[in-house]
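Engineer: To be precise about what I am sending: the file is called coords-v9.cif and holds mmCIF, C-alpha atoms.
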data_model
loop_
_atom_site.label_atom_id
_atom_site.label_comp_id
_atom_site.auth_asym_id
_atom_site.auth_seq_id
_atom_site.Cartn_x
_atom_site.Cartn_y
_atom_site.Cartn_z
CA MET B 1 -12.55 -1.83 30.05
CA ILE B 2 -13.05 -5.57 29.54
CA ALA B 3 -10.26 -7.22 27.55
CA VAL B 4 -11.03 -9.13 24.36
CA ARG B 5 -8.80 -12.08 23.51
CA VAL B 6 -6.96 -12.39 20.21
CA ALA B 7 -7.71 -16.07 19.67
CA GLY B 8 -6.01 -16.59 16.33
CA VAL B 9 -4.21 -14.70 13.57
CA GLY B 10 -3.12 -15.49 10.06
CA MET B 11 -1.67 -13.83 6.99
CA ILE B 12 -0.13 -14.77 3.68
CA PRO B 13 3.06 -13.30 2.19
CA PHE B 14 2.35 -10.08 0.30
CA CYS B 15 3.27 -9.64 -3.36
CA LYS B 16 3.25 -7.19 -6.24
CA PRO B 17 0.19 -6.83 -8.49
CA GLY B 18 0.21 -9.47 -11.18
CA HIS B 19 1.84 -12.06 -8.92
CA HIS B 20 -1.20 -12.67 -6.73
CA GLN B 21 -4.05 -15.16 -6.52
CA PRO B 22 -7.72 -14.10 -6.68
CA TYR B 23 -8.83 -12.16 -3.60
CA ARG B 24 -11.17 -14.89 -2.40
CA VAL B 25 -8.33 -17.43 -2.49
CA MET B 26 -5.95 -15.15 -0.59
CA ALA B 27 -8.62 -14.25 1.98
CA ALA B 28 -9.72 -17.85 2.50
CA LYS B 29 -6.11 -18.89 3.10
CA ALA B 30 -5.67 -16.19 5.74
CA ILE B 31 -8.92 -17.14 7.47
CA ARG B 32 -7.94 -20.82 7.57
CA LEU B 33 -4.56 -19.89 9.02
CA ALA B 34 -6.28 -17.91 11.79
CA LEU B 35 -8.63 -20.83 12.50
CA THR B 36 -5.70 -23.23 12.69
CA ASP B 37 -3.80 -20.82 14.93
CA ALA B 38 -6.79 -20.67 17.31
CA ASN B 39 -7.51 -24.41 16.92
CA LEU B 40 -11.15 -23.59 16.19
CA ASP B 41 -13.82 -24.93 13.86
CA ALA B 42 -15.19 -22.33 11.43
CA LYS B 43 -18.70 -23.13 12.70
CA LEU B 44 -17.84 -21.35 15.95
CA ILE B 45 -17.46 -17.96 14.25
CA GLU B 46 -20.64 -16.00 14.94
CA GLN B 47 -19.99 -12.81 12.94
CA ALA B 48 -17.46 -11.77 10.32
CA TYR B 49 -16.23 -8.41 9.05
CA GLY B 50 -14.44 -8.36 5.69
CA ALA B 51 -12.30 -5.33 4.73
CA TYR B 52 -11.30 -4.17 1.25
CA ILE B 53 -11.67 -1.03 -0.87
CA TYR B 54 -11.23 -2.25 -4.45
CA GLY B 55 -14.12 -4.57 -5.26
CA ASP B 56 -17.86 -4.99 -5.59
CA SER B 57 -20.16 -5.18 -2.62
CA THR B 58 -20.38 -8.60 -0.91
CA CYS B 59 -16.81 -9.55 -1.87
CA ALA B 60 -16.44 -10.46 1.81
CA GLN B 61 -19.16 -13.08 1.50
CA HIS B 62 -17.58 -14.46 -1.66
CA ALA B 63 -14.27 -14.92 0.16
CA PHE B 64 -15.75 -16.29 3.39
CA TYR B 65 -17.89 -18.80 1.50
CA ASP B 66 -14.70 -20.52 0.34
CA VAL B 67 -14.13 -21.42 4.00
CA ILE B 68 -17.68 -22.11 5.14
CA GLN B 69 -21.25 -21.09 4.29
CA SER B 70 -22.73 -21.03 7.77
CA GLY B 71 -25.35 -18.32 7.37
CA ILE B 72 -23.78 -15.88 9.85
CA ALA B 73 -23.82 -12.09 9.57
CA ILE B 74 -21.02 -10.89 7.28
CA ILE B 75 -20.36 -7.16 7.05
CA ASN B 76 -18.33 -5.57 4.25
CA VAL B 77 -16.03 -2.80 5.52
CA ASN B 78 -14.56 0.07 3.47
CA ASN B 79 -12.82 2.81 5.46
CA ASN B 80 -9.98 3.54 3.08
CA CYS B 81 -6.53 2.51 4.32
CA SER B 82 -7.84 1.94 7.87
CA SER B 83 -10.35 -0.67 6.62
CA GLY B 84 -8.62 -3.68 8.20
CA SER B 85 -8.41 -2.07 11.63
CA THR B 86 -11.98 -0.85 11.28
CA ALA B 87 -13.06 -4.46 10.74
CA LEU B 88 -11.15 -5.40 13.90
CA PHE B 89 -12.74 -2.47 15.76
CA LEU B 90 -16.20 -3.75 14.82
CA ALA B 91 -15.42 -7.38 15.66
CA ARG B 92 -14.11 -6.34 19.07
CA GLN B 93 -17.19 -4.22 19.70
CA ALA B 94 -19.44 -7.16 18.84
CA VAL B 95 -17.69 -9.28 21.48
CA LEU B 96 -17.63 -6.45 24.04
CA SER B 97 -21.36 -5.88 23.58
CA GLY B 98 -22.12 -9.48 24.48
CA GLN B 99 -23.97 -10.06 21.21
CA VAL B 100 -21.42 -12.70 20.18
CA ASP B 101 -18.59 -14.58 21.85
CA CYS B 102 -16.45 -15.11 18.76
CA ALA B 103 -15.99 -12.84 15.74
CA LEU B 104 -13.70 -12.75 12.71
CA ALA B 105 -12.08 -9.73 11.07
CA PHE B 106 -10.37 -10.36 7.76
CA GLY B 107 -9.03 -8.18 4.98
CA PHE B 108 -7.75 -8.55 1.46
CA GLU B 109 -6.84 -6.51 -1.59
CA GLU B 110 -6.08 -6.98 -5.26
CA MET B 111 -4.33 -3.79 -6.29
CA GLN B 112 -3.21 -2.42 -9.63
CA PRO B 113 0.26 -1.04 -10.40
CA GLY B 114 0.84 2.68 -9.99
CA ALA B 115 -0.51 5.43 -7.75
CA LEU B 116 -3.83 5.03 -5.98
CA GLY B 117 -6.80 6.47 -7.81
CA SER B 118 -10.58 6.59 -7.65
CA HIS B 119 -12.82 4.36 -9.73
CA TRP B 120 -15.70 6.83 -9.27
CA THR B 121 -15.04 9.80 -11.53
CA ASP B 122 -18.73 10.61 -12.11
CA ARG B 123 -19.41 11.90 -8.58
CA GLU B 124 -17.98 14.09 -5.84
CA SER B 125 -14.85 12.77 -4.11
CA PRO B 126 -14.57 12.71 -0.32
CA PHE B 127 -11.04 14.05 -0.79
CA GLU B 128 -12.36 17.41 -2.03
CA ARG B 129 -12.08 18.71 1.54
CA LEU B 130 -8.32 18.21 1.29
CA ASP B 131 -7.87 20.38 -1.76
CA PRO B 132 -8.24 23.84 -0.14
CA VAL B 133 -5.64 22.88 2.48
CA LEU B 134 -3.18 21.70 -0.13
CA GLN B 135 -3.78 24.77 -2.27
CA GLN B 136 -3.26 27.08 0.71
CA PHE B 137 0.15 25.50 1.32
CA ASN B 138 1.06 25.55 -2.40
CA ALA B 139 1.26 21.78 -2.73
CA PRO B 140 2.17 20.73 -6.30
CA GLN B 141 -0.39 18.69 -8.21
CA GLY B 142 -0.27 14.89 -8.18
CA PRO B 143 -2.24 11.77 -7.24
CA ILE B 144 -4.17 12.48 -4.05
CA ALA B 145 -2.28 10.26 -1.58
CA LEU B 146 1.11 11.32 -2.95
CA ARG B 147 0.07 14.97 -2.90
CA ALA B 148 -1.39 14.86 0.63
CA PHE B 149 1.44 12.98 2.35
CA GLY B 150 4.07 14.77 0.25
CA ALA B 151 2.69 18.13 1.35
CA ALA B 152 2.62 16.94 4.97
CA GLY B 153 6.29 16.01 4.76
CA ARG B 154 7.19 19.35 3.22
CA HIS B 155 5.28 21.18 5.96
CA TYR B 156 7.08 19.13 8.62
CA MET B 157 10.48 20.00 7.16
CA ASP B 158 9.62 23.68 6.96
CA GLN B 159 8.16 23.83 10.46
CA TYR B 160 10.98 21.99 12.25
CA HIS B 161 13.90 22.93 9.95
CA VAL B 162 14.96 19.39 9.10
CA GLY B 163 15.96 17.78 5.83
CA ALA B 164 14.60 14.85 3.85
CA ASP B 165 17.42 12.70 5.20
CA ILE B 166 15.28 11.81 8.23
CA PHE B 167 12.68 10.28 5.90
CA ALA B 168 15.40 8.34 4.11
CA LYS B 169 16.76 7.01 7.41
CA VAL B 170 13.28 5.77 8.31
CA ALA B 171 13.02 3.96 4.96
CA GLU B 172 16.41 2.30 5.55
CA LYS B 173 15.32 1.18 9.02
CA SER B 174 12.09 -0.31 7.65
CA ARG B 175 13.92 -2.28 4.97
CA ARG B 176 16.47 -3.53 7.51
CA HIS B 177 13.62 -4.87 9.65
CA ALA B 178 11.93 -6.46 6.63
CA LEU B 179 15.00 -8.59 5.87
CA GLN B 180 14.05 -10.75 8.87
CA ASN B 181 10.41 -11.10 7.80
CA PRO B 182 9.50 -14.02 5.49
CA TYR B 183 6.12 -12.35 4.86
CA SER B 184 7.67 -9.16 3.49
CA MET B 185 7.50 -8.18 -0.16
CA PHE B 186 11.08 -6.86 -0.19
CA SER B 187 14.10 -8.84 0.92
CA THR B 188 17.11 -6.83 -0.29
CA PRO B 189 19.12 -4.34 1.83
CA LEU B 190 18.77 -0.60 1.31
CA THR B 191 20.94 2.33 2.39
CA TYR B 192 19.55 5.71 3.24
CA GLN B 193 21.73 7.26 0.53
CA GLN B 194 20.04 4.99 -2.02
CA VAL B 195 16.72 6.32 -0.79
CA LEU B 196 17.84 9.93 -1.20
CA ASP B 197 19.32 9.26 -4.65
CA ASP B 198 16.29 7.41 -6.01
CA LYS B 199 13.85 8.92 -8.50
CA VAL B 200 12.05 11.98 -7.13
CA ILE B 201 8.28 11.52 -7.41
CA TYR B 202 7.02 14.63 -5.62
CA ASP B 203 8.05 18.16 -4.65
CA SER B 204 11.82 17.85 -5.24
CA TYR B 205 12.40 15.77 -2.09
CA LEU B 206 10.09 12.74 -1.93
CA THR B 207 11.68 9.78 -3.69
CA ARG B 208 10.14 6.55 -4.84
CA LEU B 209 11.76 4.65 -1.96
CA MET B 210 9.96 6.89 0.55
CA ALA B 211 6.59 5.59 -0.69
CA CYS B 212 5.07 2.16 -0.15
CA PRO B 213 4.22 0.13 -3.26
CA PRO B 214 0.80 -1.20 -4.33
CA THR B 215 0.49 -4.69 -2.89
CA CYS B 216 -1.80 -7.72 -2.92
CA GLY B 217 -2.45 -9.97 0.07
CA ALA B 218 -4.72 -10.97 2.92
CA ALA B 219 -4.77 -11.31 6.72
CA ALA B 220 -7.26 -12.36 9.39
CA THR B 221 -7.85 -12.14 13.15
CA ILE B 222 -10.28 -14.03 15.38
CA VAL B 223 -11.33 -12.34 18.62
CA CYS B 224 -13.35 -13.82 21.45
CA SER B 225 -14.54 -13.32 25.00
CA GLU B 226 -12.65 -14.64 28.02
CA GLN B 227 -15.47 -17.10 28.69
CA PHE B 228 -15.26 -18.44 25.12
CA ALA B 229 -11.48 -18.74 25.40
CA ARG B 230 -11.75 -20.84 28.56
CA LYS B 231 -14.51 -23.04 27.14
CA HIS B 232 -12.66 -23.81 23.90
CA GLY B 233 -9.12 -24.06 25.24
CA ILE B 234 -7.73 -20.97 23.52
CA THR B 235 -4.05 -20.89 24.44
CA SER B 236 -3.25 -17.38 23.17
CA LYS B 237 -2.84 -14.94 26.05
CA VAL B 238 -2.83 -11.81 23.89
CA ASN B 239 -5.64 -9.36 24.64
CA ILE B 240 -6.85 -6.14 23.06
CA ILE B 241 -6.83 -4.03 26.19
CA ALA B 242 -7.75 -0.67 24.66
CA GLN B 243 -8.84 0.63 21.27
CA ALA B 244 -10.16 3.87 19.80
CA MET B 245 -11.24 5.24 16.44
CA ALA B 246 -11.17 8.93 15.60
CA THR B 247 -12.34 10.84 12.55
CA ASP B 248 -11.74 14.38 11.35
CA THR B 249 -12.81 17.55 13.08
CA GLU B 250 -12.60 21.11 11.73
CA LEU B 251 -9.04 21.20 13.09
CA SER B 252 -8.04 18.65 10.45
CA TRP B 253 -7.98 21.32 7.78
CA GLN B 254 -5.53 23.75 9.40
CA ASP B 255 -2.38 22.33 7.79
CA PRO B 256 -1.26 19.34 5.67
CA MET B 257 -0.01 17.29 8.66
CA TYR B 258 -3.39 17.54 10.35
CA ALA B 259 -5.11 16.81 7.03
CA VAL B 260 -3.38 13.40 6.78
CA GLY B 261 -4.39 12.39 10.28
CA LYS B 262 -2.06 13.89 12.87
CA ARG B 263 -4.82 15.25 15.10
CA MET B 264 -7.01 12.16 14.61
CA THR B 265 -4.06 10.05 15.72
CA GLN B 266 -3.45 12.22 18.77
CA ARG B 267 -7.09 11.94 19.82
CA ALA B 268 -7.27 8.18 19.33
CA ALA B 269 -3.94 7.60 21.11
CA GLU B 270 -4.97 9.76 24.06
CA GLN B 271 -8.17 7.72 24.43
CA VAL B 272 -6.23 4.45 24.30
CA TYR B 273 -3.68 5.52 26.91
CA HIS B 274 -6.50 6.73 29.15
CA GLN B 275 -8.46 3.47 28.78
CA ALA B 276 -5.40 1.35 29.56
CA GLY B 277 -3.92 3.53 32.29
CA ILE B 278 -0.47 3.46 30.69
CA GLY B 279 1.59 5.87 28.61
CA PRO B 280 3.82 5.77 25.52
CA ALA B 281 6.89 4.93 27.62
CA ASP B 282 5.31 1.59 28.53
CA ILE B 283 5.09 0.42 24.90
CA ASP B 284 7.61 -2.13 23.64
CA VAL B 285 6.75 -2.65 19.97
CA ILE B 286 4.76 -0.62 17.45
CA GLU B 287 3.32 -1.13 13.99
CA LEU B 288 2.25 2.20 12.48
CA HIS B 289 0.95 3.47 9.16
CA ASP B 290 4.10 4.30 7.20
CA CYS B 291 2.50 4.51 3.76
CA PHE B 292 5.01 7.32 3.13
CA THR B 293 8.01 7.77 5.41
CA PRO B 294 7.00 11.38 6.22
CA ASN B 295 3.86 9.93 7.79
CA GLU B 296 5.93 7.65 10.02
CA VAL B 297 7.84 10.68 11.28
CA ILE B 298 4.65 12.68 11.87
CA THR B 299 3.08 9.70 13.66
CA TYR B 300 5.98 9.37 16.11
CA GLU B 301 4.93 12.70 17.56
CA ALA B 302 1.18 12.15 17.21
CA LEU B 303 1.42 8.92 19.25
CA GLY B 304 3.41 10.73 21.94
CA LEU B 305 6.61 8.76 21.34
CA CYS B 306 8.58 12.00 21.36
CA ALA B 307 7.98 15.73 21.72
CA GLU B 308 6.73 17.93 18.87
CA GLY B 309 9.67 18.36 16.52
CA GLY B 310 11.56 15.62 18.35
CA ALA B 311 11.45 12.92 15.67
CA ALA B 312 14.90 13.75 14.27
CA GLU B 313 16.47 13.20 17.68
CA LEU B 314 14.52 9.96 18.22
CA ILE B 315 15.77 8.67 14.86
CA ALA B 316 19.36 9.81 15.47
CA ASN B 317 19.38 8.03 18.85
CA GLY B 318 18.11 4.78 17.32
CA ASP B 319 15.01 4.88 19.49
CA ASN B 320 12.84 3.55 16.65
CA THR B 321 14.66 0.23 16.26
CA TYR B 322 16.17 -2.70 18.14
CA GLY B 323 18.24 -1.59 21.11
CA GLY B 324 16.36 1.70 21.41
CA GLN B 325 13.33 2.84 23.35
CA TYR B 326 10.83 1.37 20.87
CA VAL B 327 10.96 -1.12 18.04
CA ILE B 328 8.82 0.51 15.36
CA GLY B 329 7.75 -1.51 12.34
CA PRO B 330 9.56 -4.78 13.06
CA SER B 331 7.68 -6.31 10.12
CA GLY B 332 9.22 -3.79 7.74
CA GLY B 333 6.00 -1.81 7.83
CA LEU B 334 3.94 -0.80 4.85
CA MET B 335 7.12 0.52 3.24
CA SER B 336 8.81 -2.85 2.96
CA LYS B 337 6.29 -5.53 3.93
CA GLY B 338 3.68 -4.02 1.62
CA HIS B 339 0.28 -2.35 1.88
CA PRO B 340 -2.65 -4.42 0.53
CA ILE B 341 -5.12 -1.89 1.85
CA GLY B 342 -7.90 -4.05 3.29
CA ALA B 343 -5.39 -6.44 4.84
CA THR B 344 -2.96 -3.91 6.31
CA GLY B 345 -4.53 -3.37 9.73
CA LEU B 346 -4.97 -7.10 10.27
CA ALA B 347 -1.41 -7.80 9.16
CA GLN B 348 -0.27 -5.29 11.78
CA CYS B 349 -2.38 -7.13 14.37
CA THR B 350 -0.87 -10.45 13.31
CA GLU B 351 2.69 -9.14 13.59
CA LEU B 352 2.15 -7.65 17.04
CA THR B 353 0.40 -10.79 18.28
CA TRP B 354 3.41 -12.87 17.22
CA HIS B 355 5.75 -10.57 19.16
CA LEU B 356 3.65 -10.71 22.31
CA ARG B 357 3.60 -14.52 22.06
CA GLY B 358 7.33 -14.73 21.38
CA GLN B 359 6.71 -16.19 17.89
CA ALA B 360 8.32 -13.54 15.68
CA GLY B 361 11.49 -15.46 14.85
CA ASN B 362 14.65 -13.48 14.09
CA ARG B 363 12.83 -10.15 14.41
CA GLN B 364 11.43 -10.94 17.89
CA VAL B 365 11.27 -8.00 20.28
CA ASP B 366 12.52 -9.44 23.57
CA ASN B 367 10.14 -9.56 26.53
CA ALA B 368 7.41 -7.60 24.75
CA LYS B 369 4.43 -6.95 27.04
CA PHE B 370 2.61 -4.06 25.36
CA ALA B 371 2.19 -3.50 21.62
CA LEU B 372 0.64 -0.49 19.88
CA GLN B 373 -0.98 -0.42 16.44
CA HIS B 374 -1.80 2.65 14.33
CA ASN B 375 -3.75 2.55 11.05
CA VAL B 376 -4.98 5.64 9.18
CA GLY B 377 -7.18 6.24 6.16
CA LEU B 378 -7.62 9.56 4.40
CA GLY B 379 -11.11 10.84 4.33
CA GLY B 380 -10.74 9.97 7.18
CA ALA B 381 -10.36 7.55 10.08
CA VAL B 382 -7.63 6.48 12.48
CA VAL B 383 -7.71 3.34 14.62
CA VAL B 384 -5.22 2.94 17.47
CA THR B 385 -5.15 -0.42 19.27
CA LEU B 386 -3.22 -1.52 22.34
CA TYR B 387 -2.41 -5.19 22.90
CA GLY B 388 -1.02 -6.78 26.04
CA VAL B 389 -0.21 -10.08 27.72
#
Represent the structure contained in this file as C-alpha cells.
Structural biologist:
Amino acid sequence: MIAVRVAGVGMIPFCKPGHHQPYRVMAAKAIRLALTDANLDAKLIEQAYGAYIYGDSTCAQHAFYDVIQSGIAIINVNNNCSSGSTALFLARQAVLSGQVDCALAFGFEEMQPGALGSHWTDRESPFERLDPVLQQFNAPQGPIALRAFGAAGRHYMDQYHVGADIFAKVAEKSRRHALQNPYSMFSTPLTYQQVLDDKVIYDSYLTRLMACPPTCGAAATIVCSEQFARKHGITSKVNIIAQAMATDTELSWQDPMYAVGKRMTQRAAEQVYHQAGIGPADIDVIELHDCFTPNEVITYEALGLCAEGGAAELIANGDNTYGGQYVIGPSGGLMSKGHPIGATGLAQCTELTWHLRGQAGNRQVDNAKFALQHNVGLGGAVVVTLYGV
C-alpha cells in the first residue's frame, strides 16, 4: 500500500454550545491553521471534503469559501459520528487514486445542549434496526445514543462479571490526560469516585461523567502524495500507512456491543493490521471513540489491545496510560476534549500527528512511531487509520 503524507493539520479549541462562533468561522480557522502548518497556498488544494451532521447541504462550501473560492470539487460528508474520518478516508483515496496530488478534509459542528436527537421526525430513522436488539436485551428507554451505548455497557458488565468502576476509571484517566491539553474543553481534575457518585443518566449505572458532552469546534487535515510533498517542500514526515472503513453486517444485530460497532471495529482493525504488516503490540499511541466510557472499554478488545474480557486487567495495570503498554486518548478523548461530531475524526488525526512529530507538549508520548485512530458512527460506519513516521 502506497503511503499518503499528512502535510498539515489544524484545529481550534472546543467549547460548549452557546460559547462558539458560527460554523463557517470555526471551519475556516481550522483550514487556515492546516495550510499554515503545511506552508501551502490554498490554491494548491485540488479537492475538499467537509464533514458535519447538523446543517443544510453545501455547508462545506460555505465554510471553505471563507478561505478561498477556487472552483474545486467540494464534497459534503455525513456519516454520523465517523463523518470526520470518513472525509479523511475519501481525501486519502483521492490521492491514492492519482486523481489529485493534494486534498483537504475538514470537519465542524455547531451542537445544541442535551442528548443527541434527530431533526427528521417525519420519516423512518436508520436507527430502527437497533431497536429490536435493544428490546431483546431489555434496554430501558432513552435517547438513542445513550440507550445504545448504555445497553452495550450493561451487556459487557453482565458478560464479563465486572462493575461500573472500570468505566469510571477510564473517565478519570481521560480527564487526567486532558489537563495537559490546551485544546480540551475540560481542565479540572476528576476522581473515579466522583464519576461513580455523579448523577445517574441511564440504567442505574451510567453516570453523566461517563458520557461525552455536546461540543462545538472544527479541525482540518491536508493530505498529499509523496511527489507533491517533495515538490512543495513539505517537512512533515507523518504518513497514513493503512486505513479501512467497515459497515454493519447481519452479525451487528446479535447483541448491544456488536450493535454499537464492536464487530465493525474488529473488521476494520484486522484490515489495517494486515495492510501495514504490524500488530496491536507495535502501536504507541491511540485516539479512539470514547463517546461513552463503556465504548472505550469495548473498543480496547475490538482493536485487539487485549483479550476478550481483558479490559479490566489492562486498566488495572495502567496499560491505557503513560508508563503502560499504550497511551490511549492523550488528548483527553471525546470524554474530556469534546465531541463536535464532524470535527472529531480530524481532531484525532491532528492529535496523533502532533505526537508522531514530537509536537504534543506536556502530553507527548515519547518516541512514538505508530499511532492508531478509531472513529465510529451508529447506523453505521467505523474508520480505523494507522499513522507512522
Engineer: Calculated over only C-alpha atoms, which of the candidates B:Asp101, B:Glu109, B:Glu172, B:Asp165 has the smallest distance to Gly217 in chain B?
Structural biologist: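 Of all the options, B:Glu109 lies closest to Gly217 in chain B.
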Engineer: If we count all atoms listed in the file and set the cut-off at 9 Å, which residues sit around range 17-26 of chain B, ignoring sequence neighbours fewer than 3 positions away in its own chain? Please answer as a list in words.
Structural biologist: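 The contact residues come out as Met11, Ile12, Phe14, Lys29, Ala30, Ile31, Cys59, Ala60, His62, Ala63, Phe64, Tyr65, Asp66, Phe108, Glu109, Glu110, Met111, Gln112, Pro113, Pro214, Thr215, Cys216, Gly217, Ala218 and Ala219 of chain B.
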Engineer: Please write the residues from the selection above to a file, keeping C-alpha atoms, as a tab-separated table (two decimals), keeping the file's coordinate frame.
Structural biologist:
chain	number	residue	atom	x	y	z
B	11	MET	CA	-1.67	-13.83	6.99
B	12	ILE	CA	-0.13	-14.77	3.68
B	14	PHE	CA	2.35	-10.08	0.30
B	29	LYS	CA	-6.11	-18.89	3.10
B	30	ALA	CA	-5.67	-16.19	5.74
B	31	ILE	CA	-8.92	-17.14	7.47
B	59	CYS	CA	-16.81	-9.55	-1.87
B	60	ALA	CA	-16.44	-10.46	1.81
B	62	HIS	CA	-17.58	-14.46	-1.66
B	63	ALA	CA	-14.27	-14.92	0.16
B	64	PHE	CA	-15.75	-16.29	3.39
B	65	TYR	CA	-17.89	-18.80	1.50
B	66	ASP	CA	-14.70	-20.52	0.34
B	108	PHE	CA	-7.75	-8.55	1.46
B	109	GLU	CA	-6.84	-6.51	-1.59
B	110	GLU	CA	-6.08	-6.98	-5.26
B	111	MET	CA	-4.33	-3.79	-6.29
B	112	GLN	CA	-3.21	-2.42	-9.63
B	113	PRO	CA	0.26	-1.04	-10.40
B	214	PRO	CA	0.80	-1.20	-4.33
B	215	THR	CA	0.49	-4.69	-2.89
B	216	CYS	CA	-1.80	-7.72	-2.92
B	217	GLY	CA	-2.45	-9.97	0.07
B	218	ALA	CA	-4.72	-10.97	2.92
B	219	ALA	CA	-4.77	-11.31	6.72
Engineer: I need the residue set behind the PyMOL selection byres ((chain B and resi 85) around 7) for this file; please write it as an MDAnalysis selection string.
Structural biologist: chainID B and resid 82:84 86:89 345:346 375 383
Engineer: So that I can see what lies close to range 378-381 of chain B, please list as an NGL selection string the residues with an atom at most 7 Å from it, counting all atoms listed in the file and leaving out residues fewer than 5 positions away in the same chain.
Structural biologist: :B and (80 or 82 or 126-127 or 245-248 or 260)
Engineer: Can you turn the PyMOL selection byres ((chain B and resi 98) around 12) into a concrete residue list for this file, as number ranges by chain?
Structural biologist: B: 2, 4, 46, 91-97, 99-103, 224-228
Engineer: Name every residue that the PyMOL selection byres ((chain B and resi 265) around 8) selects in this structure, writing the answer as a list in words with chains first and numbers rising.
Structural biologist: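 Checked against the file, the PyMOL selection byres ((chain B and resi 265) around 8) matches Ala246, Gly261, Lys262, Arg263, Met264, Gln266, Arg267, Ala268, Ala269, Thr299, Ala302, Leu303, His374, Val376, Val382, Val383 and Val384 of chain B.
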Engineer: Please identify all polymer residues within 8 Å of range 349-365 of chain B, counting all atoms listed in the file, omitting same-chain residues fewer than 3 positions from it, and present them as an MDAnalysis selection string.
Structural biologist: chainID B and resid 6 9:11 177 180:181 219:221 236:238 284:287 322 327 330:331 345:346 368:373 387:389
Engineer: Could you check the closest approach to His289 in chain B for each of B:Ser57, B:Thr344, B:Asn76, B:Asn239 and tell me which residue wins, using only C-alpha atoms?
Structural biologist: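 So, comparing all the options, the nearest one is B:Thr344.
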Engineer: Please report the interatomic distance between CA of Pro280 in chain B and CA of Asn367 in chain B in Å with one decimal.
Structural biologist: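 Distance between the two atoms: 16.6 Å.
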Engineer: What's the separation between CA of Tyr192 in chain B and CA of Phe292 in chain B, in Å to one decimal place?
Structural biologist: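 About the pair CA of Tyr192 in chain B and CA of Phe292 in chain B: they are 14.6 Å apart.
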Engineer: As an exercise, work out the distance from CA of Phe167 in chain B to CA of Tyr326 in chain B in Å and give it to one decimal place.
Structural biologist: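 So the answer is 17.5 Å.
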Engineer: Quick one: everything within 12 Å of Ile144 in chain B, counting all atoms listed in the file, minus sequence neighbours fewer than 6 positions away in the same chain. Send it as a PyMOL selection string.
Structural biologist: chain B and resi 115-118+125-131+134+150-151+202+259-260+378-379
Engineer: Rebuild N, CA and C atoms on range 80-93 of chain B, as a PDB file, in the coordinates of the input?
Structural biologist:
ATOM      1  N   ASN B  80     -11.256   3.187   3.688  1.00  0.00           N
ATOM      2  CA  ASN B  80      -9.980   3.540   3.080  1.00  0.00           C
ATOM      3  C   ASN B  80      -8.844   2.734   3.714  1.00  0.00           C
ATOM      4  N   CYS B  81      -7.682   3.306   3.897  1.00  0.00           N
ATOM      5  CA  CYS B  81      -6.530   2.510   4.320  1.00  0.00           C
ATOM      6  C   CYS B  81      -6.639   1.994   5.748  1.00  0.00           C
ATOM      7  N   SER B  82      -7.612   2.475   6.515  1.00  0.00           N
ATOM      8  CA  SER B  82      -7.840   1.940   7.870  1.00  0.00           C
ATOM      9  C   SER B  82      -8.908   0.850   7.874  1.00  0.00           C
ATOM     10  N   SER B  83      -9.259   0.302   6.719  1.00  0.00           N
ATOM     11  CA  SER B  83     -10.350  -0.670   6.620  1.00  0.00           C
ATOM     12  C   SER B  83     -10.110  -1.910   7.478  1.00  0.00           C
ATOM     13  N   GLY B  84      -8.899  -2.465   7.444  1.00  0.00           N
ATOM     14  CA  GLY B  84      -8.620  -3.680   8.200  1.00  0.00           C
ATOM     15  C   GLY B  84      -8.778  -3.478   9.691  1.00  0.00           C
ATOM     16  N   SER B  85      -8.264  -2.352  10.205  1.00  0.00           N
ATOM     17  CA  SER B  85      -8.410  -2.070  11.630  1.00  0.00           C
ATOM     18  C   SER B  85      -9.843  -1.707  11.989  1.00  0.00           C
ATOM     19  N   THR B  86     -10.563  -1.132  11.034  1.00  0.00           N
ATOM     20  CA  THR B  86     -11.980  -0.850  11.280  1.00  0.00           C
ATOM     21  C   THR B  86     -12.752  -2.158  11.423  1.00  0.00           C
ATOM     22  N   ALA B  87     -12.430  -3.151  10.602  1.00  0.00           N
ATOM     23  CA  ALA B  87     -13.060  -4.460  10.740  1.00  0.00           C
ATOM     24  C   ALA B  87     -12.763  -5.058  12.115  1.00  0.00           C
ATOM     25  N   LEU B  88     -11.519  -4.910  12.571  1.00  0.00           N
ATOM     26  CA  LEU B  88     -11.150  -5.400  13.900  1.00  0.00           C
ATOM     27  C   LEU B  88     -11.887  -4.630  14.988  1.00  0.00           C
ATOM     28  N   PHE B  89     -12.009  -3.325  14.820  1.00  0.00           N
ATOM     29  CA  PHE B  89     -12.740  -2.470  15.760  1.00  0.00           C
ATOM     30  C   PHE B  89     -14.180  -2.960  15.909  1.00  0.00           C
ATOM     31  N   LEU B  90     -14.811  -3.292  14.791  1.00  0.00           N
ATOM     32  CA  LEU B  90     -16.200  -3.750  14.820  1.00  0.00           C
ATOM     33  C   LEU B  90     -16.322  -5.144  15.426  1.00  0.00           C
ATOM     34  N   ALA B  91     -15.387  -6.024  15.090  1.00  0.00           N
ATOM     35  CA  ALA B  91     -15.420  -7.380  15.660  1.00  0.00           C
ATOM     36  C   ALA B  91     -15.238  -7.331  17.165  1.00  0.00           C
ATOM     37  N   ARG B  92     -14.318  -6.487  17.627  1.00  0.00           N
ATOM     38  CA  ARG B  92     -14.110  -6.340  19.070  1.00  0.00           C
ATOM     39  C   ARG B  92     -15.365  -5.778  19.741  1.00  0.00           C
ATOM     40  N   GLN B  93     -15.978  -4.780  19.125  1.00  0.00           N
ATOM     41  CA  GLN B  93     -17.190  -4.220  19.700  1.00  0.00           C
ATOM     42  C   GLN B  93     -18.304  -5.255  19.800  1.00  0.00           C
TER      43      GLN B  93
END
